[in-house]
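J.: Got a structure here, written out as structure tokens. Questions coming.
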Amino acid sequence: ELTQMATGMVTANMMFWRTDLSTVLACSASMTVDEFIDEWFTRQGNKRPDLAMTSDGYSPALEAGTTADAVCMYARMLHEVLINRGVPLSDLTGRSEAGYAAVQDALSNTDFEGVQGQVKFVPGEADPKGAVIIQQLQP
């Protein structure tokens, strides 16, 4: 009965891993997407592509790609604002208008190769562009 109800269902989700596995990640000196995935499975205690429950009793969290890309985005923003532009840390910790403007400008110019694909904001849009998986359950 459940299969019958789900037949034809269409889902859309963000891609967890980009498909061009040889791409070097922007927040790594040399790690490729393929190497990141291998490392992720190793740290989960599983072998690729095993997503079964681990011996510790939890399921591997596929949010690793989005988390890695989010951390990379913030690290790149902080480097741009604090190091490249020389904005004082006190402008960020004091939540000054100048600090806020610098952070917003740096984030809006985000464009890098991440675990999920290219992470890039389009002017005037709040969410980054990214790859999406669209699936339909077939009988």
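The chains in the structure tokens are called A, B, ... from first to last as shown; in each chain the residues are counted from 1, and the ligands are counted from 1 in the order shown.
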Would you list the contacts of Thr67 in chain A as an MDAnalysis selection string, taking every protein, DNA or RNA residue within 12 Å and counting only C-alpha atoms, but skipping same-chain residues closer than 3 positions in sequence?
T.: chainID A and resid 16:17 61:64 70:74 114:116
J.: With N, CA, C and O atoms retained, export the selected residues as a CSV table (one decimal), in the first residue's frame.
T.:
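Below is the file that was written, result_39.csv:
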```csv
chain,number,residue,atom,x,y,z
A,16,PHE,N,24.5,15.9,-2.2
A,16,PHE,CA,25.4,15.8,-1.1
A,16,PHE,C,26.9,15.9,-1.6
A,16,PHE,O,27.7,16.5,-0.9
A,17,TRP,N,27.2,15.3,-2.7
A,17,TRP,CA,28.5,15.3,-3.3
A,17,TRP,C,28.5,15.8,-4.7
A,17,TRP,O,27.6,15.3,-5.5
A,61,ALA,N,25.6,11.0,8.9
A,61,ALA,CA,24.9,12.2,8.5
A,61,ALA,C,25.4,12.8,7.2
A,61,ALA,O,26.6,13.1,7.1
A,62,LEU,N,24.5,12.8,6.2
A,62,LEU,CA,24.9,13.3,4.9
A,62,LEU,C,25.0,14.8,4.8
A,62,LEU,O,25.3,15.3,3.8
A,63,GLU,N,24.8,15.5,5.9
A,63,GLU,CA,24.9,16.9,5.9
A,63,GLU,C,26.4,17.4,5.9
A,63,GLU,O,26.6,18.5,5.9
A,64,ALA,N,27.3,16.4,5.8
A,64,ALA,CA,28.7,16.8,5.8
A,64,ALA,C,29.0,17.7,4.7
A,64,ALA,O,29.8,18.7,4.9
A,70,ALA,N,29.5,25.3,4.2
A,70,ALA,CA,29.2,26.5,5.1
A,70,ALA,C,30.4,27.0,5.9
A,70,ALA,O,30.6,28.2,6.0
A,71,VAL,N,31.1,26.0,6.5
A,71,VAL,CA,32.3,26.4,7.2
A,71,VAL,C,33.3,27.1,6.3
A,71,VAL,O,33.9,28.1,6.6
A,72,CYS,N,33.5,26.5,5.1
A,72,CYS,CA,34.4,27.1,4.1
A,72,CYS,C,34.0,28.5,3.8
A,72,CYS,O,34.8,29.4,3.7
A,73,MET,N,32.7,28.7,3.5
A,73,MET,CA,32.2,30.0,3.2
A,73,MET,C,32.5,31.1,4.3
A,73,MET,O,33.0,32.2,4.0
A,74,TYR,N,32.3,30.7,5.5
A,74,TYR,CA,32.5,31.6,6.6
A,74,TYR,C,34.0,31.9,6.8
A,74,TYR,O,34.5,33.0,7.1
A,114,GLY,N,33.2,23.9,-3.8
A,114,GLY,CA,32.9,23.2,-2.5
A,114,GLY,C,32.6,21.7,-2.7
A,114,GLY,O,32.7,21.2,-3.9
A,115,VAL,N,32.3,21.1,-1.7
A,115,VAL,CA,32.0,19.6,-1.7
A,115,VAL,C,30.8,19.3,-2.5
A,115,VAL,O,30.7,18.3,-3.2
A,116,GLN,N,29.8,20.2,-2.5
A,116,GLN,CA,28.5,20.0,-3.2
A,116,GLN,C,28.6,20.5,-4.6
A,116,GLN,O,27.8,20.1,-5.4
```
J.: What's around range 85-87 of chain A at 10 Å? Count only C-alpha atoms, leave out sequence neighbours fewer than 5 positions away in its own chain, and write the answer as a list in words.
T.: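 With the cut-off at 10 Å, the set is Leu78, His79, Glu80, Leu92, Ala98, Gly99, Ala102, Val103 and Ala106 of chain A.
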J.: Please provide the set of residues having any atom within 10 Å of Pro60 in chain A, restricted to only C-alpha atoms, with same-chain residues fewer than 4 positions apart removed, written as a list in words.
T.: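 The residues satisfying every condition are Trp40, Phe41, Arg43, Gln44, Gly45, Asn46, Asp50, Leu51, Ala52, Met53, Thr54 and Ala64 of chain A.
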J.: Pull the strand (DSSP E or B) assignments for chain A out of DSSP run on the backbone, and list those residues as an MDAnalysis selection string.
T.: chainID A and resid 10:14 24 32 111:113 118:120 129 132:136
J.: Using only C-alpha atoms, pick whichever of A:Gly57, A:Pro123, A:Gly117, A:Gly65 has the shortest atom-to-atom distance to Ile37 in chain A.
T.: A:Gly65
J.: Quick one: everything within 10 Å of Val24 in chain A, counting only C-alpha atoms, minus sequence neighbours fewer than 4 positions away in the same chain. Send it as a list in words.
T.: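 Near Val24 in chain A, the qualifying residues are Asp20, Ser28, Ala29, Ser30, Met31, Thr32, Val33, Asp34, Glu35, Phe36, Glu113, Gly114 and Val115 of chain A.
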J.: Could you dump the residues just selected with N, CA and C atoms as a short mmCIF file (atom, residue, chain, number, x, y, z; two decimals), in the first residue's frame?
T.:
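Contents of the output file part-v1.cif:
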```cif
data_model
loop_
_atom_site.label_atom_id
_atom_site.label_comp_id
_atom_site.auth_asym_id
_atom_site.auth_seq_id
_atom_site.Cartn_x
_atom_site.Cartn_y
_atom_site.Cartn_z
N ASP A 20 31.96 15.79 -10.17
CA ASP A 20 33.33 15.88 -10.68
C ASP A 20 34.31 15.69 -9.52
N SER A 28 40.92 23.64 0.93
CA SER A 28 41.94 22.63 1.19
C SER A 28 43.14 22.93 0.31
N ALA A 29 44.31 22.64 0.82
CA ALA A 29 45.51 22.87 0.03
C ALA A 29 45.58 21.92 -1.17
N SER A 30 45.05 20.70 -0.98
CA SER A 30 45.18 19.74 -2.08
C SER A 30 44.08 18.67 -2.11
N MET A 31 43.16 18.66 -1.17
CA MET A 31 42.17 17.58 -1.10
C MET A 31 41.13 17.71 -2.21
N THR A 32 40.88 16.59 -2.88
CA THR A 32 39.84 16.55 -3.90
C THR A 32 38.52 16.14 -3.26
N VAL A 33 37.45 16.28 -4.01
CA VAL A 33 36.14 15.85 -3.53
C VAL A 33 36.16 14.35 -3.23
N ASP A 34 36.78 13.57 -4.12
CA ASP A 34 36.88 12.13 -3.93
C ASP A 34 37.59 11.79 -2.62
N GLU A 35 38.67 12.49 -2.32
CA GLU A 35 39.40 12.26 -1.08
C GLU A 35 38.58 12.69 0.14
N PHE A 36 37.82 13.78 0.00
CA PHE A 36 36.95 14.22 1.10
C PHE A 36 35.91 13.15 1.41
N GLU A 113 34.80 26.51 -5.11
CA GLU A 113 34.53 25.09 -5.38
C GLU A 113 34.38 24.37 -4.05
N GLY A 114 33.16 23.90 -3.78
CA GLY A 114 32.88 23.22 -2.54
C GLY A 114 32.60 21.74 -2.74
N VAL A 115 32.29 21.06 -1.65
CA VAL A 115 32.02 19.63 -1.68
C VAL A 115 30.78 19.32 -2.52
#
```
J.: Which distance in Å separates CA of Lys47 in chain A and CA of Arg18 in chain A, to one decimal?
T.: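 These two atoms are separated by 18.7 Å.
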J.: For Lys120 in chain A, work out the shell of residues within 8 Å, counting only C-alpha atoms and skipping chain neighbours fewer than 5 positions away, then give it as a PDB file with N, CA and C atoms, in the first residue's frame.
T.:
```pdb
ATOM      1  N   ASN A 109      29.766  38.083  -2.447  1.00  0.00           N
ATOM      2  CA  ASN A 109      30.732  37.780  -3.507  1.00  0.00           C
ATOM      3  C   ASN A 109      31.303  36.371  -3.386  1.00  0.00           C
ATOM      4  N   THR A 110      30.665  35.532  -2.587  1.00  0.00           N
ATOM      5  CA  THR A 110      31.105  34.147  -2.422  1.00  0.00           C
ATOM      6  C   THR A 110      31.095  33.434  -3.770  1.00  0.00           C
ATOM      7  N   ASP A 111      32.175  32.764  -4.063  1.00  0.00           N
ATOM      8  CA  ASP A 111      32.278  31.980  -5.298  1.00  0.00           C
ATOM      9  C   ASP A 111      33.475  31.042  -5.127  1.00  0.00           C
ATOM     10  N   PHE A 112      33.200  29.769  -4.823  1.00  0.00           N
ATOM     11  CA  PHE A 112      34.290  28.812  -4.636  1.00  0.00           C
ATOM     12  C   PHE A 112      33.823  27.397  -4.953  1.00  0.00           C
ATOM     13  N   PRO A 128      22.412  30.698  -2.008  1.00  0.00           N
ATOM     14  CA  PRO A 128      23.412  30.402  -3.029  1.00  0.00           C
ATOM     15  C   PRO A 128      22.845  29.460  -4.090  1.00  0.00           C
ATOM     16  N   LYS A 129      23.424  29.522  -5.262  1.00  0.00           N
ATOM     17  CA  LYS A 129      23.047  28.595  -6.325  1.00  0.00           C
ATOM     18  C   LYS A 129      23.775  27.286  -6.069  1.00  0.00           C
ATOM     19  N   GLY A 130      23.120  26.195  -6.355  1.00  0.00           N
ATOM     20  CA  GLY A 130      23.747  24.898  -6.139  1.00  0.00           C
ATOM     21  C   GLY A 130      23.060  23.825  -6.957  1.00  0.00           C
TER      22      GLY A 130
END
```
J.: Nearest residue to Asp105 in chain A out of A:Val10, A:Val81, A:Ala26, A:Ala68, using only C-alpha atoms?
T.: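 Comparing A:Val10, A:Val81, A:Ala26, A:Ala68 against Asp105 in chain A, the winner is A:Val81.
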J.: Which of chain A counts as alpha helix (DSSP H) under DSSP, as a ChimeraX atom specification please?
T.: /A:2-6,33-44,64-78,89-93,97-108
J.: CA of Leu107 in chain A to CA of Val119 in chain A: how many Å, to one decimal?
T.: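 Taking CA of Leu107 in chain A and CA of Val119 in chain A, their separation equals 10.7 Å.
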J.: At what distance in Å, to one decimal, does CA of Cys27 in chain A lie from CA of Ala101 in chain A?
T.: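 Taking CA of Ala101 in chain A and CA of Cys27 in chain A, their separation equals 23.6 Å.
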J.: Hey, what's within 10 Å of Ala126 in chain A if we count only C-alpha atoms and toss same-chain stuff fewer than 4 positions away? As a ChimeraX atom specification, please?
T.: /A:108,121-122
